[in-house]
Amino acid sequence: MAGTLLEVDGLTKRFGGFIALNRVSLAVKAGERFGLIGPNGSGKTTLINCVSGSLPVDGGRIVFEGGDITGLPPHRRTRLGIVRSFQIPKPFTSMTVLENLHIPLESAPARSHGADADAEAAEILSAIGLDAKAQLRPAGLTQIEMRKLELARAMAARPKLLISDEAMAGLSSAEVDDILTILFRLNERGITIIMIEHIMRAVMRFSERIVVLDAGERIAEGTPDEIVRNPAVEKAYLGE
């Protein structure tokens, strides 16, 4: 496996007197399938918001591809290849599914001038399994198709690191498997993926390595087999 792609070093985030992240450190390798789990309120979303740039940090640093990005705004991080999908999709409702991909495509790094945006968008939709819905507006999509559109929009930004934030919440077992298949396929294309997920079956199947947060602190790290046998993880989820 390649070297470290993302390094979070001693990250601290406070909201008033509340410490949401307390000196959290982790590293994600290039090409890795990385799981981030923890009970509600553990700091997962805060950590990802700090990594993506939507929240400033109060301490520590974030390094991507060897460069310190701690002070960079979100759009600069996206240009570097850090892209996240959101649990609640917010597509452009007045545009077709195909047109929804034009916005991230236009700002994607390393895109050749004059490239056919429709052709690029169609290729992404085919890979995601939405090619038959290209001319529909988002209102005509099912819940899982909306999640696929969210992933397609993330793909259009040409990520090196894709942060999948609860892409499977509320889906059926078969739909969860469908999203997993897509994420495995994207990883095979060389995209590093951080999965934040409450569906344990999914995150355990997908992840090569998992970090567990609880009350803003990192309490465990290991393979899925190691995590399920870790007493501290069991205590965090089930109590004493």
# chains A, B, ... in the order shown; residues from 1 in each chain; ligands from 1
>>> closest_atom_pairs(of="region 160-187 of chain A", to="region 197-205 of chain A", cutoff="10 Å", atoms="only C-alpha atoms", output="tab-separated table")
residue	atom	partner	partner_atom	distance
A:Ser164	CA	A:Glu197	CA	8.2
A:Asp165	CA	A:Glu197	CA	6.7
A:Glu166	CA	A:Glu197	CA	4.7
A:Ala167	CA	A:Glu197	CA	7.5
A:Met168	CA	A:Glu197	CA	7.4
A:Ala169	CA	A:Ile199	CA	7.5
A:Gly170	CA	A:Ile199	CA	9.6
A:Leu171	CA	A:Ile199	CA	9.9
A:Ser173	CA	A:Ala202	CA	9.5
A:Val176	CA	A:Ala202	CA	7.3
A:Asp177	CA	A:Ala202	CA	7.9
A:Ile179	CA	A:Ala202	CA	9.5
A:Leu180	CA	A:Ala202	CA	7.2
>>> write_last_selection(atoms="N, CA and C atoms", output="short mmCIF file (atom, residue, chain, number, x, y, z; two decimals), in the first residue's frame")
data_model
loop_
_atom_site.label_atom_id
_atom_site.label_comp_id
_atom_site.auth_asym_id
_atom_site.auth_seq_id
_atom_site.Cartn_x
_atom_site.Cartn_y
_atom_site.Cartn_z
N SER A 164 -17.41 9.47 2.71
CA SER A 164 -18.81 9.05 2.57
C SER A 164 -19.49 9.14 3.92
N ASP A 165 -20.33 10.17 4.08
CA ASP A 165 -20.95 10.46 5.37
C ASP A 165 -22.35 9.85 5.42
N GLU A 166 -22.45 8.67 6.01
CA GLU A 166 -23.72 7.96 6.21
C GLU A 166 -24.55 7.88 4.93
N ALA A 167 -23.90 7.41 3.87
CA ALA A 167 -24.57 7.28 2.58
C ALA A 167 -25.67 6.23 2.58
N MET A 168 -25.69 5.37 3.62
CA MET A 168 -26.63 4.25 3.62
C MET A 168 -27.75 4.40 4.65
N ALA A 169 -27.78 5.50 5.37
CA ALA A 169 -28.78 5.68 6.42
C ALA A 169 -30.19 5.58 5.85
N GLY A 170 -31.02 4.75 6.46
CA GLY A 170 -32.42 4.61 6.05
C GLY A 170 -32.67 3.71 4.87
N LEU A 171 -31.62 3.07 4.33
CA LEU A 171 -31.78 2.20 3.17
C LEU A 171 -32.06 0.76 3.60
N SER A 173 -31.63 -3.45 3.31
CA SER A 173 -30.42 -4.28 3.26
C SER A 173 -29.89 -4.42 1.84
N VAL A 176 -28.34 -1.13 0.77
CA VAL A 176 -27.02 -0.98 1.41
C VAL A 176 -25.97 -1.73 0.60
N ASP A 177 -26.29 -2.95 0.20
CA ASP A 177 -25.35 -3.75 -0.61
C ASP A 177 -25.07 -3.05 -1.95
N ILE A 179 -25.05 0.25 -2.55
CA ILE A 179 -24.12 1.36 -2.31
C ILE A 179 -22.72 0.82 -2.01
N LEU A 180 -22.65 -0.27 -1.25
CA LEU A 180 -21.34 -0.87 -0.96
C LEU A 180 -20.62 -1.28 -2.24
#
>>> select_by_dssp(residues="region 20-239 of chain A", states="strand (DSSP E)", output="JSON, numbers by chain")
{"A": [20, 21, 22, 23, 24, 25, 26, 27, 28, 29, 33, 34, 35, 36, 37, 59, 60, 61, 62, 63, 64, 67, 68, 82, 83, 84, 85, 161, 162, 163, 164, 165, 192, 193, 194, 195, 196, 209, 210, 211, 212, 213, 214, 217, 218, 219, 220, 221, 222]}
>>> closest_residue(among="A:Gly43, A:Leu55, A:Ala30, A:Ala236", to="Phe18 (chain A)", atoms="only C-alpha atoms")
A:Gly43
>>> closest_residue(among="A:Arg185, A:Lys160, A:Lys148, A:Arg229", to="Leu5 (chain A)", atoms="only C-alpha atoms")
A:Lys160
>>> atom_distance(atom1="CA of Ala157 (chain A)", atom2="CA of Leu105 (chain A)")
5.7 Å
>>> closest_atom_pairs(of="region 132-154 of chain A", to="region 83-99 of chain A", cutoff="7 Å", atoms="only C-alpha atoms", output="JSON lines")
{"residue": "A:Lys133", "atom": "CA", "partner": "A:Val97", "partner_atom": "CA", "distance": 6.8}
{"residue": "A:Ala134", "atom": "CA", "partner": "A:Leu98", "partner_atom": "CA", "distance": 4.8}
{"residue": "A:Gln135", "atom": "CA", "partner": "A:Thr96", "partner_atom": "CA", "distance": 5.3}
{"residue": "A:Leu136", "atom": "CA", "partner": "A:Thr96", "partner_atom": "CA", "distance": 5.2}
{"residue": "A:Arg137", "atom": "CA", "partner": "A:Thr96", "partner_atom": "CA", "distance": 4.3}
{"residue": "A:Pro138", "atom": "CA", "partner": "A:Thr93", "partner_atom": "CA", "distance": 5.8}
{"residue": "A:Ala139", "atom": "CA", "partner": "A:Thr93", "partner_atom": "CA", "distance": 6.9}
{"residue": "A:Met146", "atom": "CA", "partner": "A:Pro89", "partner_atom": "CA", "distance": 6.6}
{"residue": "A:Arg147", "atom": "CA", "partner": "A:Pro89", "partner_atom": "CA", "distance": 6.6}
{"residue": "A:Glu150", "atom": "CA", "partner": "A:Pro89", "partner_atom": "CA", "distance": 5.8}
{"residue": "A:Leu151", "atom": "CA", "partner": "A:Ser85", "partner_atom": "CA", "distance": 6.2}
{"residue": "A:Ala154", "atom": "CA", "partner": "A:Ser85", "partner_atom": "CA", "distance": 6.0}
>>> write_last_selection(atoms="all heavy atoms", output="tab-separated table (two decimals), in the first residue's frame")
chain	number	residue	atom	x	y	z
A	133	LYS	N	-31.48	7.51	-15.76
A	133	LYS	CA	-32.21	8.61	-15.11
A	133	LYS	C	-31.61	9.98	-15.47
A	133	LYS	O	-31.97	10.99	-14.88
A	133	LYS	CB	-32.17	8.44	-13.59
A	133	LYS	CG	-32.62	7.07	-13.10
A	133	LYS	CD	-34.11	6.89	-13.21
A	133	LYS	CE	-34.54	5.53	-12.63
A	133	LYS	NZ	-36.00	5.39	-12.60
A	134	ALA	N	-30.71	10.01	-16.46
A	134	ALA	CA	-29.93	11.22	-16.74
A	134	ALA	C	-30.78	12.45	-17.01
A	134	ALA	O	-30.42	13.56	-16.60
A	134	ALA	CB	-28.98	10.96	-17.91
A	135	GLN	N	-31.92	12.28	-17.68
A	135	GLN	CA	-32.72	13.44	-18.08
A	135	GLN	C	-33.85	13.75	-17.10
A	135	GLN	O	-34.62	14.68	-17.32
A	135	GLN	CB	-33.29	13.21	-19.48
A	135	GLN	CG	-32.22	13.04	-20.56
A	135	GLN	CD	-31.20	14.18	-20.56
A	135	GLN	OE1	-31.56	15.34	-20.38
A	135	GLN	NE2	-29.93	13.84	-20.77
A	136	LEU	N	-33.95	13.00	-16.02
A	136	LEU	CA	-34.94	13.31	-14.98
A	136	LEU	C	-34.43	14.42	-14.08
A	136	LEU	O	-33.23	14.65	-13.96
A	136	LEU	CB	-35.20	12.07	-14.13
A	136	LEU	CG	-35.99	10.91	-14.72
A	136	LEU	CD1	-36.17	9.82	-13.67
A	136	LEU	CD2	-37.34	11.37	-15.24
A	137	ARG	N	-35.37	15.09	-13.41
A	137	ARG	CA	-35.00	16.01	-12.34
A	137	ARG	C	-34.97	15.22	-11.03
A	137	ARG	O	-35.63	14.19	-10.91
A	137	ARG	CB	-35.98	17.18	-12.28
A	137	ARG	CG	-35.71	18.19	-13.40
A	137	ARG	CD	-36.55	19.44	-13.26
A	137	ARG	NE	-36.03	20.50	-14.13
A	137	ARG	CZ	-36.20	20.55	-15.44
A	137	ARG	NH1	-36.90	19.60	-16.04
A	137	ARG	NH2	-35.69	21.53	-16.15
A	138	PRO	N	-34.22	15.69	-10.03
A	138	PRO	CA	-34.07	14.94	-8.77
A	138	PRO	C	-35.38	14.55	-8.11
A	138	PRO	O	-35.46	13.51	-7.44
A	138	PRO	CB	-33.25	15.89	-7.90
A	138	PRO	CG	-32.43	16.66	-8.88
A	138	PRO	CD	-33.33	16.87	-10.07
A	139	ALA	N	-36.43	15.36	-8.29
A	139	ALA	CA	-37.72	15.05	-7.67
A	139	ALA	C	-38.28	13.71	-8.15
A	139	ALA	O	-39.12	13.10	-7.49
A	139	ALA	CB	-38.73	16.16	-7.95
A	146	MET	N	-31.29	9.02	-5.13
A	146	MET	CA	-30.78	10.29	-4.63
A	146	MET	C	-29.40	10.11	-4.00
A	146	MET	O	-28.50	10.95	-4.17
A	146	MET	CB	-31.75	10.89	-3.61
A	146	MET	CG	-33.01	11.45	-4.23
A	146	MET	SD	-32.74	13.05	-5.05
A	146	MET	CE	-32.75	14.14	-3.63
A	147	ARG	N	-29.22	9.01	-3.26
A	147	ARG	CA	-27.91	8.73	-2.66
A	147	ARG	C	-26.87	8.49	-3.75
A	147	ARG	O	-25.72	8.90	-3.63
A	147	ARG	CB	-27.98	7.52	-1.73
A	147	ARG	CG	-28.98	7.65	-0.59
A	147	ARG	CD	-28.60	8.77	0.39
A	147	ARG	NE	-29.63	8.95	1.40
A	147	ARG	CZ	-29.71	8.24	2.51
A	147	ARG	NH1	-28.82	7.30	2.76
A	147	ARG	NH2	-30.68	8.46	3.38
A	150	GLU	N	-25.84	11.74	-5.19
A	150	GLU	CA	-24.90	12.41	-4.28
A	150	GLU	C	-23.48	11.88	-4.49
A	150	GLU	O	-22.51	12.65	-4.55
A	150	GLU	CB	-25.35	12.22	-2.83
A	150	GLU	CG	-24.50	12.92	-1.80
A	150	GLU	CD	-24.62	14.44	-1.81
A	150	GLU	OE1	-25.49	14.99	-2.49
A	150	GLU	OE2	-23.81	15.07	-1.11
A	151	LEU	N	-23.36	10.56	-4.64
A	151	LEU	CA	-22.05	9.96	-4.91
A	151	LEU	C	-21.53	10.36	-6.29
A	151	LEU	O	-20.33	10.61	-6.47
A	151	LEU	CB	-22.12	8.43	-4.80
A	151	LEU	CG	-22.25	7.86	-3.39
A	151	LEU	CD1	-22.45	6.34	-3.45
A	151	LEU	CD2	-21.01	8.18	-2.56
A	154	ALA	N	-20.15	13.79	-6.11
A	154	ALA	CA	-18.84	13.74	-5.46
A	154	ALA	C	-17.78	13.23	-6.44
A	154	ALA	O	-16.67	13.76	-6.51
A	154	ALA	CB	-18.89	12.84	-4.23
>>> select_by_dssp(residues="region 65-109 of chain A", states="helix (DSSP H, G or I)", output="list in words")
Pro74, His75, Arg76, Arg77, Thr78, Arg79, Leu80, Val97, Leu98, Glu99, Asn100, His102, Ile103, Pro104, Leu105, Glu106 and Ser107 of chain A
>>> write_last_selection(atoms="C-alpha atoms", output="PDB file, in the first residue's frame")
ATOM      1  CA  PRO A  74     -13.112  24.335   1.700  1.00  0.00           C
ATOM      2  CA  HIS A  75     -12.940  25.097  -2.044  1.00  0.00           C
ATOM      3  CA  ARG A  76      -9.130  24.900  -1.996  1.00  0.00           C
ATOM      4  CA  ARG A  77      -9.315  21.505  -0.283  1.00  0.00           C
ATOM      5  CA  THR A  78     -11.797  20.304  -2.894  1.00  0.00           C
ATOM      6  CA  ARG A  79      -9.372  21.392  -5.607  1.00  0.00           C
ATOM      7  CA  LEU A  80      -6.685  19.306  -3.908  1.00  0.00           C
ATOM      8  CA  VAL A  97     -29.535  14.534 -13.058  1.00  0.00           C
ATOM      9  CA  LEU A  98     -26.995  14.972 -15.864  1.00  0.00           C
ATOM     10  CA  GLU A  99     -26.827  18.744 -15.428  1.00  0.00           C
ATOM     11  CA  ASN A 100     -26.293  18.328 -11.676  1.00  0.00           C
ATOM     12  CA  HIS A 102     -21.795  19.909 -14.546  1.00  0.00           C
ATOM     13  CA  ILE A 103     -21.146  22.157 -11.532  1.00  0.00           C
ATOM     14  CA  PRO A 104     -18.543  19.920  -9.833  1.00  0.00           C
ATOM     15  CA  LEU A 105     -17.124  18.902 -13.227  1.00  0.00           C
ATOM     16  CA  GLU A 106     -16.424  22.528 -14.168  1.00  0.00           C
ATOM     17  CA  SER A 107     -14.362  23.091 -11.014  1.00  0.00           C
TER      18      SER A 107
END
>>> atom_distance(atom1="CA of Gly59 (chain A)", atom2="CA of Lys13 (chain A)")
6.9 Å
>>> atom_distance(atom1="CA of Asp68 (chain A)", atom2="CA of Arg33 (chain A)")
22.4 Å
>>> closest_residue(among="A:Ile37, A:Ser25, A:Ile19, A:Ile69", to="Pro224 (chain A)", atoms="only C-alpha atoms")
A:Ile37
>>> closest_residue(among="A:Val8, A:Ala20, A:Val28, A:Ile182", to="Arg61 (chain A)", atoms="only C-alpha atoms")
A:Val8
>>> closest_residue(among="A:Leu238, A:Ala174, A:Val233, A:Ala127", to="Arg189 (chain A)", atoms="only C-alpha atoms")
A:Ala127
>>> residues_around(residues="Gly35 (chain A)", least_positions_apart="2", cutoff="7 Å", atoms="only C-alpha atoms", output="VMD selection string")
chain A and resid 33 37 194 to 196 203 207 209 to 211
>>> write_last_selection(atoms="N, CA, C and O atoms", output="tab-separated table (two decimals), in the first residue's frame")
chain	number	residue	atom	x	y	z
A	33	ARG	N	-9.39	1.74	2.43
A	33	ARG	CA	-10.81	1.80	2.82
A	33	ARG	C	-10.82	1.92	4.34
A	33	ARG	O	-10.53	0.97	5.06
A	37	ILE	N	-16.08	5.29	13.12
A	37	ILE	CA	-17.32	4.99	13.82
A	37	ILE	C	-17.30	5.55	15.24
A	37	ILE	O	-16.26	5.98	15.74
A	194	ILE	N	-13.02	7.27	3.13
A	194	ILE	CA	-13.34	7.24	4.56
A	194	ILE	C	-14.85	7.05	4.67
A	194	ILE	O	-15.62	7.85	4.15
A	195	MET	N	-15.26	5.98	5.33
A	195	MET	CA	-16.68	5.71	5.52
A	195	MET	C	-17.09	6.02	6.96
A	195	MET	O	-16.52	5.48	7.91
A	196	ILE	N	-18.07	6.92	7.09
A	196	ILE	CA	-18.70	7.18	8.38
A	196	ILE	C	-20.07	6.54	8.32
A	196	ILE	O	-20.88	6.89	7.46
A	203	VAL	N	-19.96	-1.11	7.51
A	203	VAL	CA	-18.62	-0.56	7.79
A	203	VAL	C	-17.62	-1.67	8.09
A	203	VAL	O	-16.45	-1.58	7.71
A	207	SER	N	-14.44	-1.78	5.49
A	207	SER	CA	-13.21	-1.15	5.99
A	207	SER	C	-12.06	-2.14	6.14
A	207	SER	O	-12.24	-3.26	6.61
A	209	ARG	N	-9.44	-0.84	7.88
A	209	ARG	CA	-9.01	-0.37	9.20
A	209	ARG	C	-10.06	0.59	9.72
A	209	ARG	O	-10.68	1.32	8.93
A	210	ILE	N	-10.25	0.61	11.02
A	210	ILE	CA	-11.31	1.41	11.64
A	210	ILE	C	-10.74	2.18	12.82
A	210	ILE	O	-9.96	1.63	13.61
A	211	VAL	N	-11.15	3.45	12.94
A	211	VAL	CA	-10.88	4.24	14.15
A	211	VAL	C	-12.21	4.51	14.83
A	211	VAL	O	-13.21	4.82	14.16
>>> closest_residue(among="A:Ile163, A:Lys235, A:Ile144, A:Glu208", to="Thr223 (chain A)", atoms="only C-alpha atoms")
A:Glu208
>>> residues_around(residues="Glu234 (chain A)", least_positions_apart="6", cutoff="12 Å", atoms="only C-alpha atoms", output="MDAnalysis selection string")
chainID A and resid 38:39 212 214 219:220 226:228 240
